[in-house]
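Participant: Just coords.cif, nothing more (mmCIF, C-alpha atoms and all ligand atoms):
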data_model
#
loop_
_atom_site.label_atom_id
_atom_site.label_comp_id
_atom_site.auth_asym_id
_atom_site.auth_seq_id
_atom_site.Cartn_x
_atom_site.Cartn_y
_atom_site.Cartn_z
CA PRO C 1 -1.31 -29.57 -7.11
CA GLY C 2 -3.50 -26.64 -8.02
CA THR C 3 -2.35 -23.04 -8.50
CA LEU C 4 -2.68 -20.14 -6.09
CA HIS C 5 -3.54 -17.07 -8.19
CA VAL C 6 -2.80 -13.73 -6.51
CA VAL C 7 -5.32 -11.44 -8.16
CA ALA C 8 -5.33 -7.63 -8.07
CA THR C 9 -8.73 -5.92 -7.88
CA PRO C 10 -9.58 -2.22 -8.47
CA ILE C 11 -8.62 0.59 -6.04
CA GLY C 12 -11.75 2.59 -6.88
CA ASN C 13 -12.92 2.43 -10.46
CA ARG C 14 -14.54 -0.97 -10.94
CA ASP C 15 -13.48 -1.16 -14.57
CA ASP C 16 -9.84 -1.40 -13.50
CA ILE C 17 -9.80 -5.18 -13.47
CA SER C 18 -8.22 -7.25 -16.19
CA ALA C 19 -10.14 -9.67 -18.40
CA ARG C 20 -7.79 -12.40 -17.19
CA ALA C 21 -8.53 -11.57 -13.54
CA VAL C 22 -12.27 -12.04 -14.17
CA GLN C 23 -11.64 -15.31 -15.99
CA VAL C 24 -9.43 -16.63 -13.16
CA LEU C 25 -11.92 -15.56 -10.46
CA ARG C 26 -14.68 -17.44 -12.32
CA SER C 27 -12.65 -20.59 -12.88
CA VAL C 28 -11.10 -21.26 -9.44
CA ALA C 29 -12.73 -23.52 -6.84
CA LEU C 30 -12.44 -20.91 -4.10
CA ILE C 31 -11.63 -17.23 -3.59
CA ALA C 32 -9.85 -16.26 -0.38
CA ALA C 33 -10.91 -12.67 0.34
CA GLU C 34 -9.81 -10.25 3.05
CA ASP C 35 -13.41 -9.25 3.79
CA THR C 36 -16.07 -11.30 2.06
CA ARG C 37 -18.80 -8.70 2.66
CA HIS C 38 -16.63 -6.08 0.99
CA SER C 39 -15.78 -8.25 -2.04
CA ARG C 40 -19.25 -9.65 -2.73
CA PRO C 41 -20.65 -6.60 -4.55
CA LEU C 42 -17.60 -6.39 -6.85
CA LEU C 43 -17.74 -10.11 -7.63
CA ALA C 44 -21.50 -9.92 -8.29
CA HIS C 45 -20.89 -6.96 -10.61
CA LEU C 46 -18.30 -9.08 -12.49
CA GLY C 47 -20.65 -12.08 -12.71
CA VAL C 48 -18.41 -14.21 -10.48
CA ASP C 49 -20.23 -16.65 -8.18
CA THR C 50 -17.25 -18.63 -6.90
CA PRO C 51 -17.44 -19.54 -3.18
CA LEU C 52 -15.61 -17.13 -0.84
CA LYS C 53 -13.56 -17.73 2.27
CA ALA C 54 -12.37 -14.98 4.62
CA LEU C 55 -8.60 -14.67 5.03
CA HIS C 56 -7.53 -11.78 7.20
CA GLU C 57 -4.72 -10.77 9.54
CA HIS C 58 -6.24 -12.64 12.49
CA ASN C 59 -6.92 -16.04 10.92
CA GLU C 60 -4.32 -16.11 8.16
CA ASP C 61 -2.10 -18.87 9.61
CA ALA C 62 -4.98 -21.28 10.25
CA ILE C 63 -6.73 -20.57 6.94
CA ALA C 64 -3.45 -20.74 5.02
CA GLN C 65 -2.90 -24.33 6.21
CA ALA C 66 -6.41 -25.34 5.14
CA LEU C 67 -6.00 -23.66 1.75
CA VAL C 68 -2.64 -25.30 1.12
CA GLU C 69 -4.29 -28.69 1.78
CA ARG C 70 -6.91 -27.94 -0.86
CA LEU C 71 -4.27 -26.70 -3.30
CA LEU C 72 -2.28 -29.90 -2.75
CA GLN C 73 -5.44 -31.87 -3.56
CA GLY C 74 -5.48 -30.19 -6.96
CA GLU C 75 -7.93 -27.31 -6.45
CA ASP C 76 -7.14 -23.84 -7.81
CA VAL C 77 -7.53 -20.94 -5.39
CA ALA C 78 -7.53 -17.16 -5.94
CA LEU C 79 -6.46 -14.63 -3.34
CA ILE C 80 -7.89 -11.10 -3.38
CA SER C 81 -7.87 -8.23 -0.90
CA ASP C 82 -10.32 -5.38 -0.36
CA ALA C 83 -8.57 -3.23 -2.97
CA GLY C 84 -5.56 -3.34 -5.22
CA THR C 85 -2.79 -5.90 -5.01
CA PRO C 86 -2.86 -8.48 -2.19
CA LEU C 87 0.22 -8.51 0.12
CA VAL C 88 0.84 -4.78 -0.50
CA SER C 89 -0.16 -3.46 2.96
CA ASP C 90 -2.73 -6.27 2.88
CA PRO C 91 -2.93 -9.91 4.00
CA GLY C 92 -1.57 -12.80 1.94
CA TYR C 93 2.12 -12.98 2.73
CA ARG C 94 1.78 -15.98 5.02
CA LEU C 95 -0.48 -17.83 2.59
CA VAL C 96 1.88 -17.24 -0.34
CA ARG C 97 4.82 -18.37 1.76
CA ALA C 98 3.05 -21.50 2.96
CA ALA C 99 1.95 -22.36 -0.58
CA ARG C 100 5.46 -21.94 -1.99
CA ALA C 101 6.96 -23.95 0.86
CA ALA C 102 4.53 -26.77 0.02
CA GLY C 103 5.62 -26.70 -3.62
CA VAL C 104 2.39 -25.13 -4.86
CA ARG C 105 2.63 -22.86 -7.91
CA VAL C 106 1.85 -19.23 -7.05
CA SER C 107 0.97 -17.06 -10.03
CA PRO C 108 0.21 -13.31 -10.01
CA VAL C 109 -2.62 -11.70 -11.95
CA PRO C 110 -1.35 -8.13 -11.74
CA GLY C 111 -3.40 -4.97 -11.73
CA ALA C 112 -4.10 -1.87 -9.66
CA CYS C 113 -1.84 -0.83 -6.80
CA ALA C 114 -2.33 2.59 -5.16
CA ALA C 115 1.42 3.13 -4.59
CA ILE C 116 2.31 2.54 -8.24
CA ALA C 117 -0.71 4.46 -9.53
CA ALA C 118 0.30 7.44 -7.35
CA LEU C 119 3.93 7.24 -8.46
CA SER C 120 2.88 7.14 -12.12
CA ALA C 121 1.04 10.46 -11.79
CA ALA C 122 3.16 12.29 -9.18
CA GLY C 123 5.92 13.66 -11.39
CA LEU C 124 8.60 12.79 -8.82
CA PRO C 125 11.71 10.80 -9.83
CA SER C 126 10.42 7.31 -10.52
CA ASP C 127 13.53 5.41 -11.55
CA ARG C 128 14.21 4.43 -7.93
CA PHE C 129 11.67 4.49 -5.12
CA VAL C 130 10.98 3.05 -1.67
CA PHE C 131 7.58 1.82 -0.54
CA GLU C 132 7.20 2.49 3.19
CA GLY C 133 3.57 1.37 3.59
CA PHE C 134 1.81 2.86 6.63
CA LEU C 135 3.76 4.97 9.11
CA PRO C 136 3.29 4.21 12.82
CA ALA C 137 0.03 5.71 14.13
CA LYS C 138 1.70 7.07 17.29
CA ARG C 139 3.37 10.40 16.79
CA GLY C 140 6.71 9.68 18.48
CA ALA C 141 7.26 6.48 16.54
CA ARG C 142 6.17 8.18 13.33
CA ARG C 143 8.66 11.01 13.81
CA SER C 144 11.53 8.58 14.49
CA ARG C 145 10.63 6.61 11.37
CA LEU C 146 10.62 9.79 9.25
CA GLU C 147 13.89 11.00 10.76
CA ALA C 148 15.47 7.67 9.89
CA LEU C 149 14.43 8.32 6.27
CA ALA C 150 15.71 11.90 6.02
CA ALA C 151 18.87 10.91 4.11
CA GLU C 152 17.10 8.52 1.72
CA THR C 153 17.82 9.59 -1.86
CA ARG C 154 15.08 7.53 -3.53
CA THR C 155 11.48 8.75 -3.85
CA LEU C 156 9.48 7.75 -0.75
CA ILE C 157 5.94 6.37 -0.96
CA PHE C 158 3.63 6.16 2.08
CA TYR C 159 0.05 5.07 2.66
CA GLU C 160 -1.77 7.29 5.14
CA SER C 161 -5.21 7.46 6.63
CA PRO C 162 -7.09 10.68 5.82
CA HIS C 163 -7.54 11.77 9.44
CA ARG C 164 -3.78 11.70 10.03
CA VAL C 165 -2.62 13.26 6.77
CA ALA C 166 -2.35 16.83 8.14
CA GLU C 167 -0.38 15.72 11.19
CA THR C 168 1.89 13.52 9.09
CA LEU C 169 2.65 16.37 6.70
CA ASP C 170 3.75 18.45 9.69
CA ASP C 171 6.01 15.63 10.86
CA MET C 172 7.40 15.34 7.33
CA ARG C 173 8.25 19.06 7.31
CA ALA C 174 10.15 18.59 10.55
CA ALA C 175 12.04 15.55 9.25
CA PHE C 176 12.67 16.54 5.62
CA GLY C 177 12.53 20.35 5.66
CA ASP C 178 9.99 22.83 4.24
CA GLU C 179 11.40 22.82 0.72
CA ARG C 180 11.35 19.10 0.00
CA GLU C 181 8.93 18.35 -2.85
CA ALA C 182 5.93 16.19 -1.95
CA VAL C 183 2.75 14.89 -3.56
CA LEU C 184 -0.62 14.02 -2.06
CA ALA C 185 -2.50 11.57 -4.32
CA ARG C 186 -6.07 11.18 -3.13
CA GLU C 187 -9.05 9.10 -4.25
CA LEU C 188 -7.21 7.73 -7.28
CA THR C 189 -9.49 6.44 -10.06
CA LYS C 190 -12.53 7.80 -8.16
CA LEU C 191 -14.81 10.80 -8.60
CA PHE C 192 -12.76 13.18 -6.43
CA GLU C 193 -9.33 12.12 -7.65
CA THR C 194 -6.76 14.79 -6.75
CA VAL C 195 -3.00 14.87 -7.18
CA LEU C 196 -1.35 17.86 -5.45
CA GLY C 197 2.37 18.45 -5.75
CA GLU C 198 4.18 21.21 -3.81
CA PRO C 199 7.05 21.76 -1.42
CA LEU C 200 6.18 20.24 1.97
CA ALA C 201 5.45 23.53 3.76
CA ALA C 202 3.02 24.69 1.05
CA LEU C 203 1.36 21.29 0.80
CA ALA C 204 0.97 21.07 4.60
CA ALA C 205 -0.57 24.55 4.70
CA ARG C 206 -2.98 23.77 1.88
CA VAL C 207 -4.14 20.51 3.47
CA ALA C 208 -4.50 22.15 6.90
CA ALA C 209 -6.67 24.89 5.38
CA ASP C 210 -8.92 22.62 3.31
CA SER C 211 -10.67 19.77 5.14
CA ASP C 212 -11.69 18.27 1.78
CA GLN C 213 -8.02 17.30 1.39
CA GLN C 214 -8.33 15.26 4.58
CA ARG C 215 -10.96 12.92 3.19
CA GLY C 216 -10.87 9.69 1.25
CA GLU C 217 -7.93 7.40 0.62
CA CYS C 218 -4.50 8.84 0.13
CA VAL C 219 -0.93 8.16 -0.81
CA LEU C 220 1.85 10.57 0.22
CA LEU C 221 5.03 10.75 -1.82
CA VAL C 222 8.17 12.66 -0.94
CA ALA C 223 11.12 13.32 -3.23
CA GLY C 224 14.35 11.75 -2.08
CA CYS C 225 17.09 13.83 -0.53
CA ALA C 226 18.75 15.46 -3.57
CA ASP C 227 21.70 17.09 -1.88
CA ALA C 228 24.62 14.81 -1.02
CA ALA C 229 25.81 17.17 1.74
CA GLU C 230 22.32 17.33 3.22
CA ALA C 231 22.05 13.54 3.04
CA GLN C 232 25.33 13.20 4.95
CA LEU C 233 24.19 15.68 7.56
CA ALA C 234 20.89 13.84 8.01
CA GLU C 235 22.69 10.52 8.28
CA GLY C 236 25.03 12.04 10.87
CA ARG C 237 22.07 13.34 12.89
CA ARG C 238 20.42 9.93 12.71
CA LEU C 239 23.53 8.13 13.96
CA PHE C 240 24.05 10.71 16.68
CA ALA C 241 20.47 10.20 17.91
CA LEU C 242 21.03 6.43 17.97
CA LEU C 243 24.30 6.84 19.87
CA ARG C 244 22.75 9.24 22.36
CA GLU C 245 20.16 6.61 23.24
CA GLU C 246 22.90 4.09 23.97
CA LEU C 247 25.23 6.37 25.99
CA PRO C 248 24.82 6.65 29.76
N1 LIG D 301 -3.36 -3.46 -1.50
C1 LIG D 301 -3.66 -2.07 -1.75
C2 LIG D 301 -2.85 -1.59 -2.96
O1 LIG D 301 -2.44 -2.42 -3.78
O2 LIG D 301 -2.68 -0.39 -3.12
C3 LIG D 301 -3.42 -1.20 -0.52
C4 LIG D 301 -4.21 -1.62 0.68
S1 LIG D 301 -4.00 -0.58 2.08
C5 LIG D 301 -4.88 -1.45 3.32
C6 LIG D 301 -5.10 0.76 1.77
C7 LIG D 301 -4.37 2.07 1.53
O3 LIG D 301 -4.00 2.17 0.16
C8 LIG D 301 -5.21 3.31 1.80
O4 LIG D 301 -5.18 3.65 3.17
C9 LIG D 301 -4.53 4.34 0.94
O5 LIG D 301 -3.36 4.81 1.57
C10 LIG D 301 -4.12 3.50 -0.28
N2 LIG D 301 -5.18 3.54 -1.30
C11 LIG D 301 -6.03 2.55 -1.65
N3 LIG D 301 -6.86 2.96 -2.64
C12 LIG D 301 -6.52 4.24 -2.93
C13 LIG D 301 -7.01 5.22 -3.85
N4 LIG D 301 -8.02 4.95 -4.66
N5 LIG D 301 -6.40 6.43 -3.87
C14 LIG D 301 -5.38 6.72 -3.04
N6 LIG D 301 -4.89 5.84 -2.14
C15 LIG D 301 -5.45 4.61 -2.09
#
Please re-express this file's structure in structure tokens.
Ligand code: SAM

Facilitator:
Amino acid sequence: PGTLHVVATPIGNRDDISARAVQVLRSVALIAAEDTRHSRPLLAHLGVDTPLKALHEHNEDAIAQALVERLLQGEDVALISDAGTPLVSDPGYRLVRAARAAGVRVSPVPGACAAIAALSAAGLPSDRFVFEGFLPAKRGARRSRLEALAAETRTLIFYESPHRVAETLDDMRAAFGDEREAVLARELTKLFETVLGEPLAALAARVAADSDQQRGECVLLVAGCADAAEAQLAEGRRLFALLREELP
């Protein structure tokens, strides 16, 4: 069978693609892309004219089957998403799973990932961290999710949309307290790249006061709970809330 190459593409700066990624994208029979219209300009810029096929959330199961057939017939396929590493808050999981189940070799071509790029510049403890992806869009669900994380001792990494970042910072203050250290990493590798690190209350106030901080793509990072007593208290509160829901 052929190989499924999972290829990372840039998260902003077009030069952030590896020489091997370009070589693989040129050599495969087909590139499965999250949004072909989005990927075409990048591929043209890289001198890649490999045929594209759309693979997104809504057609992934059907397309995955068709791609696995082609892989089994010996064709090599590359998977890319709109930005960064496929499968990281992006489609691809079902394709990779189907390929592996069929005995097809799956090989990563690593590169940019916004979560890791943000962590590398945030100055928060980086020896242990948790990637939480996107928080729920609805406020109640978002608050519950954050409360459930209040006792987490590892650094927390979230993706957030710019028009919710101010609201989410407020919810984070409520869940983690005003003093917890946080970092907003915005527009990484792009013209308006900004990395702001402050206690949550100060960061929330700054973002609320400056609408420029509510634009572009952003990653939010929050230091883990440093205080063992505080962690126990938060865990107690979380369990109590769970119990209260169950009790008559
Ligand atoms: N697969 C991508 C990766 O490897 O990072 C993530 C895809 S996810 C749909 C898009 C989210 O990633 C954005 O909403 C934002 O939270 C984050 N992101 C992507 N590019 C970014 C950048 N240049 N700066 C900051 N955050 C970015």

Participant: When you look at stretch 163-170 of chain C with a cut-off of 9 Å (counting only C-alpha atoms), what residues show up, excluding the ones that are within fewer than 6 positions of it in the same chain? I need them as a ChimeraX atom specification.

Facilitator: /C:135,137,139,142-143,200-201,203-205,207-208,213-215,218,220

Participant: Please return as a VMD selection string the residues found within 10 Å of ligand LIG 301 (chain D), counting only C-alpha atoms and all ligand atoms.

Facilitator: chain C and resid 8 to 13 80 to 91 110 to 118 133 to 134 157 to 162 165 184 to 195 216 to 220

Participant: Report, in Å with one decimal, the straight-line distance from atom CA of C:Ala54 to atom CA of C:Thr36.

Facilitator: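 It comes out at 5.8 Å.
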
Participant: Contacts of C:Leu156 at 12 Å or less, counting only C-alpha atoms, minus same-chain residues fewer than 3 places along, as a ChimeraX atom specification?

Facilitator: /C:115-116,118-119,122,124-135,146,149-153,159,172,176,180-184,219-225

Participant: If you count all atoms listed in the file, which residues fall within 10 Å of C:Ala21, apart from same-chain ones fewer than 3 positions away, as a PyMOL selection string?

Facilitator: chain C and resi 5-9+17-18+24-27+78+108-111

Participant: Using all atoms listed in the file, which of the listed residues (C:Glu235, C:Glu69, C:Glu57, C:Asp49) sits closest to C:Tyr93?

Facilitator: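 Looking only at the distances to C:Tyr93, the closest residue turns out to be C:Glu57.
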
Participant: Separation of atom CA of C:Arg244 and atom CA of C:Gln232, in Å?

Facilitator: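 Between these atoms lies a distance of 18.0 Å.
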
Participant: What separation in Å, quoted to one decimal, exists between atom CA of C:Ala202 and atom CA of C:Asp227?

Facilitator: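 Taking atom CA of C:Ala202 as the start and atom CA of C:Asp227 as the end point, the length is 20.4 Å.
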
Participant: Calculated over only C-alpha atoms, which of the candidates C:Ala19, C:Arg37, C:Thr3, C:Asp171 has the smallest distance to C:Val96?

Facilitator: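 Looking at the shortest contact to C:Val96, the residue is C:Thr3.
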
Participant: Taking into account all atoms listed in the file, which residue in the set C:Asp61, C:Glu246, C:Glu230, C:Glu34 is nearest to C:Leu95?

Facilitator: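 Among the listed residues, C:Asp61 lies closest to C:Leu95.
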
Participant: Pick from C:Ala44, C:Val104, C:Ala231, C:His58: nearest to C:Gly74, with all atoms listed in the file counted?

Facilitator: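 Under the stated criterion, the closest residue is C:Val104.
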
Participant: Have a look at C:Leu67, C:Leu4, C:Ala234, C:Leu243 and name the one nearest to C:Gly177; count all atoms listed in the file.

Facilitator: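 The answer is C:Ala234, which sits nearest to C:Gly177.
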
Participant: Have a look at C:Ala98, C:Ala29, C:Ala228, C:Leu242 and name the one nearest to C:Pro51; count all atoms listed in the file.

Facilitator: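 Going through C:Ala98, C:Ala29, C:Ala228, C:Leu242 one by one, the smallest distance to C:Pro51 is for C:Ala29.
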
Participant: Please identify all polymer residues lying at most 10 Å from the point (-0.8, -23.5, 0.2) (file coordinates), using all atoms listed in the file, and present the result as a ChimeraX atom specification.

Facilitator: /C:1-4,63-72,77,94-106
